[in-house]
Amino acid sequence: MTAFLEDATALVRDYCGSGYREDAPGIRAVLCSEVIRWLAGQPGVVSERVGDVEVQFGATSSVQQLSPAARASLKRYRRALSTIGLERG
């Protein structure tokens with residue numbers, strides 16, 4: 001469990017860059033939800049469907065990465081793109 005938390009923290013820190021704050025409640029919530037999502041997946045299961053029960057197995061399960069929902073939640077902690085004006089004197 002500790003390894004998952006460390007991995008999730010590293011991914012979030014890389015994604016947020018300078019906006020990463022360990023004590024931010026939003027970041028903490030994303031970390032917890034991502035670890036729970038990773039732990040809920042069964043090794044080797046690539047996809048599964050509930051209606052008419054369908055499970056697809058692969059050589060490896062999906063890699064640990066931030067989900068689209070996590071990226072959307074962390075968007076406010078990322079630095080926005082901006083323009084820098086350059087002049088030649």
# chains A, B, ... in the order shown; residues from 1 in each chain; ligands from 1
$ residues_around --residues "Gln65 (chain A)" --least-positions-apart "5" --cutoff "10 Å" --atoms "only C-alpha atoms" --output "NGL selection string"
:A and (7-8 or 11-12 or 34 or 38 or 70)
$ residues_around --residues "region 77-81 of chain A" --least-positions-apart "4" --cutoff "8 Å" --atoms "only C-alpha atoms" --output "ChimeraX atom specification"
/A:15-20
$ write_last_selection --atoms "N, CA and C atoms" --output "compact mmCIF listing (two decimals), in the first residue's frame"
# COMPACT_ATOMS: atom_id res chain seq x y z
N TYR A 15 2.75 15.77 -12.49
CA TYR A 15 1.66 16.37 -13.26
C TYR A 15 1.40 17.82 -12.84
N CYS A 16 1.46 18.08 -11.53
CA CYS A 16 1.15 19.43 -11.03
C CYS A 16 2.34 20.38 -11.10
N GLY A 17 3.54 19.84 -11.11
CA GLY A 17 4.72 20.69 -11.16
C GLY A 17 4.84 21.57 -9.94
N SER A 18 5.06 22.86 -10.14
CA SER A 18 5.27 23.77 -9.01
C SER A 18 4.01 24.03 -8.20
N GLY A 19 2.85 23.64 -8.73
CA GLY A 19 1.59 23.83 -8.01
C GLY A 19 1.29 22.74 -7.00
N TYR A 20 2.19 21.74 -6.92
CA TYR A 20 1.96 20.63 -5.99
C TYR A 20 2.15 21.09 -4.56
$ atom_distance --atom1 "CA of Gly51 (chain A)" --atom2 "CA of Cys32 (chain A)"
27.8 Å
$ select_by_dssp --residues "chain A" --states "helix (DSSP H, G or I)" --output "NGL selection string"
:A and (2-19 or 25-40 or 68-77)
$ write_last_selection --atoms "C-alpha atoms" --output "compact mmCIF listing (two decimals), in the first residue's frame"
# COMPACT_ATOMS: atom_id res chain seq x y z
CA THR A 2 2.84 2.39 0.82
CA ALA A 3 4.43 1.76 -2.57
CA PHE A 4 1.15 2.63 -4.32
CA LEU A 5 0.89 5.88 -2.34
CA GLU A 6 4.47 6.78 -3.21
CA ASP A 7 3.87 6.02 -6.90
CA ALA A 8 0.65 8.05 -6.98
CA THR A 9 2.35 10.93 -5.17
CA ALA A 10 5.19 10.93 -7.71
CA LEU A 11 2.74 10.97 -10.63
CA VAL A 12 0.71 13.80 -9.10
CA ARG A 13 3.86 15.78 -8.26
CA ASP A 14 5.07 15.44 -11.85
CA TYR A 15 1.66 16.37 -13.26
CA CYS A 16 1.15 19.43 -11.03
CA GLY A 17 4.72 20.69 -11.16
CA SER A 18 5.27 23.77 -9.01
CA GLY A 19 1.59 23.83 -8.01
CA PRO A 25 -7.11 18.53 0.44
CA GLY A 26 -7.88 18.20 -3.27
CA ILE A 27 -4.53 16.59 -3.99
CA ARG A 28 -4.88 14.25 -1.02
CA ALA A 29 -8.34 13.16 -2.24
CA VAL A 30 -7.00 12.43 -5.73
CA LEU A 31 -4.12 10.40 -4.28
CA CYS A 32 -6.50 8.27 -2.23
CA SER A 33 -8.93 7.70 -5.09
CA GLU A 34 -6.17 6.72 -7.51
CA VAL A 35 -4.68 4.19 -5.07
CA ILE A 36 -8.14 2.70 -4.44
CA ARG A 37 -8.69 2.46 -8.21
CA TRP A 38 -5.34 0.72 -8.70
CA LEU A 39 -6.02 -1.75 -5.88
CA ALA A 40 -9.49 -2.57 -7.24
CA PRO A 68 -8.82 11.33 -16.75
CA ALA A 69 -10.91 12.16 -13.67
CA ALA A 70 -7.77 12.66 -11.59
CA ARG A 71 -6.23 14.91 -14.25
CA ALA A 72 -9.41 16.99 -14.36
CA SER A 73 -9.40 17.34 -10.56
CA LEU A 74 -5.74 18.36 -10.50
CA LYS A 75 -6.09 20.95 -13.28
CA ARG A 76 -6.40 23.83 -10.80
CA TYR A 77 -3.02 22.92 -9.26
$ select_by_dssp --residues "chain A" --states "strand (DSSP E or B)" --output "JSON, numbers by chain"
{"A": [45, 46, 47, 48, 49, 54, 55, 56, 57]}
$ write_last_selection --atoms "all heavy atoms" --output "PDB file, in the first residue's frame"
ATOM      1  N   VAL A  45      -6.289  -8.325 -15.890  1.00  0.00           N
ATOM      2  CA  VAL A  45      -7.570  -7.939 -16.478  1.00  0.00           C
ATOM      3  C   VAL A  45      -7.368  -6.641 -17.248  1.00  0.00           C
ATOM      4  O   VAL A  45      -6.939  -5.637 -16.700  1.00  0.00           O
ATOM      5  CB  VAL A  45      -8.660  -7.759 -15.394  1.00  0.00           C
ATOM      6  CG1 VAL A  45      -9.937  -7.213 -16.018  1.00  0.00           C
ATOM      7  CG2 VAL A  45      -8.928  -9.074 -14.690  1.00  0.00           C
ATOM      8  N   VAL A  46      -7.663  -6.689 -18.538  1.00  0.00           N
ATOM      9  CA  VAL A  46      -7.516  -5.514 -19.383  1.00  0.00           C
ATOM     10  C   VAL A  46      -8.795  -4.687 -19.359  1.00  0.00           C
ATOM     11  O   VAL A  46      -8.752  -3.476 -19.256  1.00  0.00           O
ATOM     12  CB  VAL A  46      -7.148  -5.928 -20.824  1.00  0.00           C
ATOM     13  CG1 VAL A  46      -7.093  -4.723 -21.744  1.00  0.00           C
ATOM     14  CG2 VAL A  46      -5.835  -6.666 -20.830  1.00  0.00           C
ATOM     15  N   SER A  47      -9.944  -5.333 -19.452  1.00  0.00           N
ATOM     16  CA  SER A  47     -11.220  -4.630 -19.377  1.00  0.00           C
ATOM     17  C   SER A  47     -12.287  -5.606 -18.887  1.00  0.00           C
ATOM     18  O   SER A  47     -12.159  -6.817 -19.026  1.00  0.00           O
ATOM     19  CB  SER A  47     -11.613  -4.047 -20.729  1.00  0.00           C
ATOM     20  OG  SER A  47     -11.963  -5.074 -21.622  1.00  0.00           O
ATOM     21  N   GLU A  48     -13.355  -5.034 -18.318  1.00  0.00           N
ATOM     22  CA  GLU A  48     -14.468  -5.869 -17.907  1.00  0.00           C
ATOM     23  C   GLU A  48     -15.757  -5.093 -18.072  1.00  0.00           C
ATOM     24  O   GLU A  48     -15.768  -3.881 -18.025  1.00  0.00           O
ATOM     25  CB  GLU A  48     -14.281  -6.403 -16.495  1.00  0.00           C
ATOM     26  CG  GLU A  48     -14.506  -5.483 -15.366  1.00  0.00           C
ATOM     27  CD  GLU A  48     -14.186  -6.146 -14.028  1.00  0.00           C
ATOM     28  OE1 GLU A  48     -14.879  -7.081 -13.626  1.00  0.00           O
ATOM     29  OE2 GLU A  48     -13.240  -5.681 -13.398  1.00  0.00           O
ATOM     30  N   ARG A  49     -16.830  -5.812 -18.302  1.00  0.00           N
ATOM     31  CA  ARG A  49     -18.134  -5.214 -18.510  1.00  0.00           C
ATOM     32  C   ARG A  49     -19.125  -5.913 -17.591  1.00  0.00           C
ATOM     33  O   ARG A  49     -19.092  -7.119 -17.442  1.00  0.00           O
ATOM     34  CB  ARG A  49     -18.533  -5.411 -19.974  1.00  0.00           C
ATOM     35  CG  ARG A  49     -19.706  -4.600 -20.411  1.00  0.00           C
ATOM     36  CD  ARG A  49     -19.851  -4.682 -21.898  1.00  0.00           C
ATOM     37  NE  ARG A  49     -20.910  -5.635 -22.189  1.00  0.00           N
ATOM     38  CZ  ARG A  49     -21.193  -6.084 -23.382  1.00  0.00           C
ATOM     39  NH1 ARG A  49     -20.474  -5.701 -24.408  1.00  0.00           N
ATOM     40  NH2 ARG A  49     -22.176  -6.923 -23.576  1.00  0.00           N
ATOM     41  N   GLU A  54     -18.624  -9.673 -19.135  1.00  0.00           N
ATOM     42  CA  GLU A  54     -17.536  -9.864 -20.091  1.00  0.00           C
ATOM     43  C   GLU A  54     -16.240  -9.416 -19.442  1.00  0.00           C
ATOM     44  O   GLU A  54     -16.145  -8.315 -18.914  1.00  0.00           O
ATOM     45  CB  GLU A  54     -17.789  -9.029 -21.349  1.00  0.00           C
ATOM     46  CG  GLU A  54     -16.661  -9.101 -22.345  1.00  0.00           C
ATOM     47  CD  GLU A  54     -16.895  -8.195 -23.534  1.00  0.00           C
ATOM     48  OE1 GLU A  54     -18.026  -8.129 -24.021  1.00  0.00           O
ATOM     49  OE2 GLU A  54     -15.930  -7.528 -23.943  1.00  0.00           O
ATOM     50  N   VAL A  55     -15.233 -10.262 -19.461  1.00  0.00           N
ATOM     51  CA  VAL A  55     -13.915  -9.927 -18.916  1.00  0.00           C
ATOM     52  C   VAL A  55     -12.887 -10.272 -19.974  1.00  0.00           C
ATOM     53  O   VAL A  55     -12.916 -11.351 -20.541  1.00  0.00           O
ATOM     54  CB  VAL A  55     -13.617 -10.716 -17.612  1.00  0.00           C
ATOM     55  CG1 VAL A  55     -12.225 -10.405 -17.107  1.00  0.00           C
ATOM     56  CG2 VAL A  55     -14.654 -10.413 -16.551  1.00  0.00           C
ATOM     57  N   GLN A  56     -11.963  -9.342 -20.236  1.00  0.00           N
ATOM     58  CA  GLN A  56     -10.889  -9.591 -21.188  1.00  0.00           C
ATOM     59  C   GLN A  56      -9.566  -9.602 -20.437  1.00  0.00           C
ATOM     60  O   GLN A  56      -9.287  -8.695 -19.661  1.00  0.00           O
ATOM     61  CB  GLN A  56     -10.863  -8.520 -22.265  1.00  0.00           C
ATOM     62  CG  GLN A  56     -12.060  -8.546 -23.176  1.00  0.00           C
ATOM     63  CD  GLN A  56     -11.965  -7.481 -24.247  1.00  0.00           C
ATOM     64  OE1 GLN A  56     -10.996  -6.741 -24.334  1.00  0.00           O
ATOM     65  NE2 GLN A  56     -12.990  -7.402 -25.082  1.00  0.00           N
ATOM     66  N   PHE A  57      -8.793 -10.643 -20.683  1.00  0.00           N
ATOM     67  CA  PHE A  57      -7.488 -10.769 -20.049  1.00  0.00           C
ATOM     68  C   PHE A  57      -6.401 -10.483 -21.065  1.00  0.00           C
ATOM     69  O   PHE A  57      -6.548 -10.756 -22.246  1.00  0.00           O
ATOM     70  CB  PHE A  57      -7.304 -12.183 -19.478  1.00  0.00           C
ATOM     71  CG  PHE A  57      -8.249 -12.498 -18.357  1.00  0.00           C
ATOM     72  CD1 PHE A  57      -9.452 -13.138 -18.596  1.00  0.00           C
ATOM     73  CD2 PHE A  57      -7.938 -12.129 -17.058  1.00  0.00           C
ATOM     74  CE1 PHE A  57     -10.328 -13.426 -17.567  1.00  0.00           C
ATOM     75  CE2 PHE A  57      -8.812 -12.406 -16.022  1.00  0.00           C
ATOM     76  CZ  PHE A  57     -10.001 -13.060 -16.278  1.00  0.00           C
TER      77      PHE A  57
END
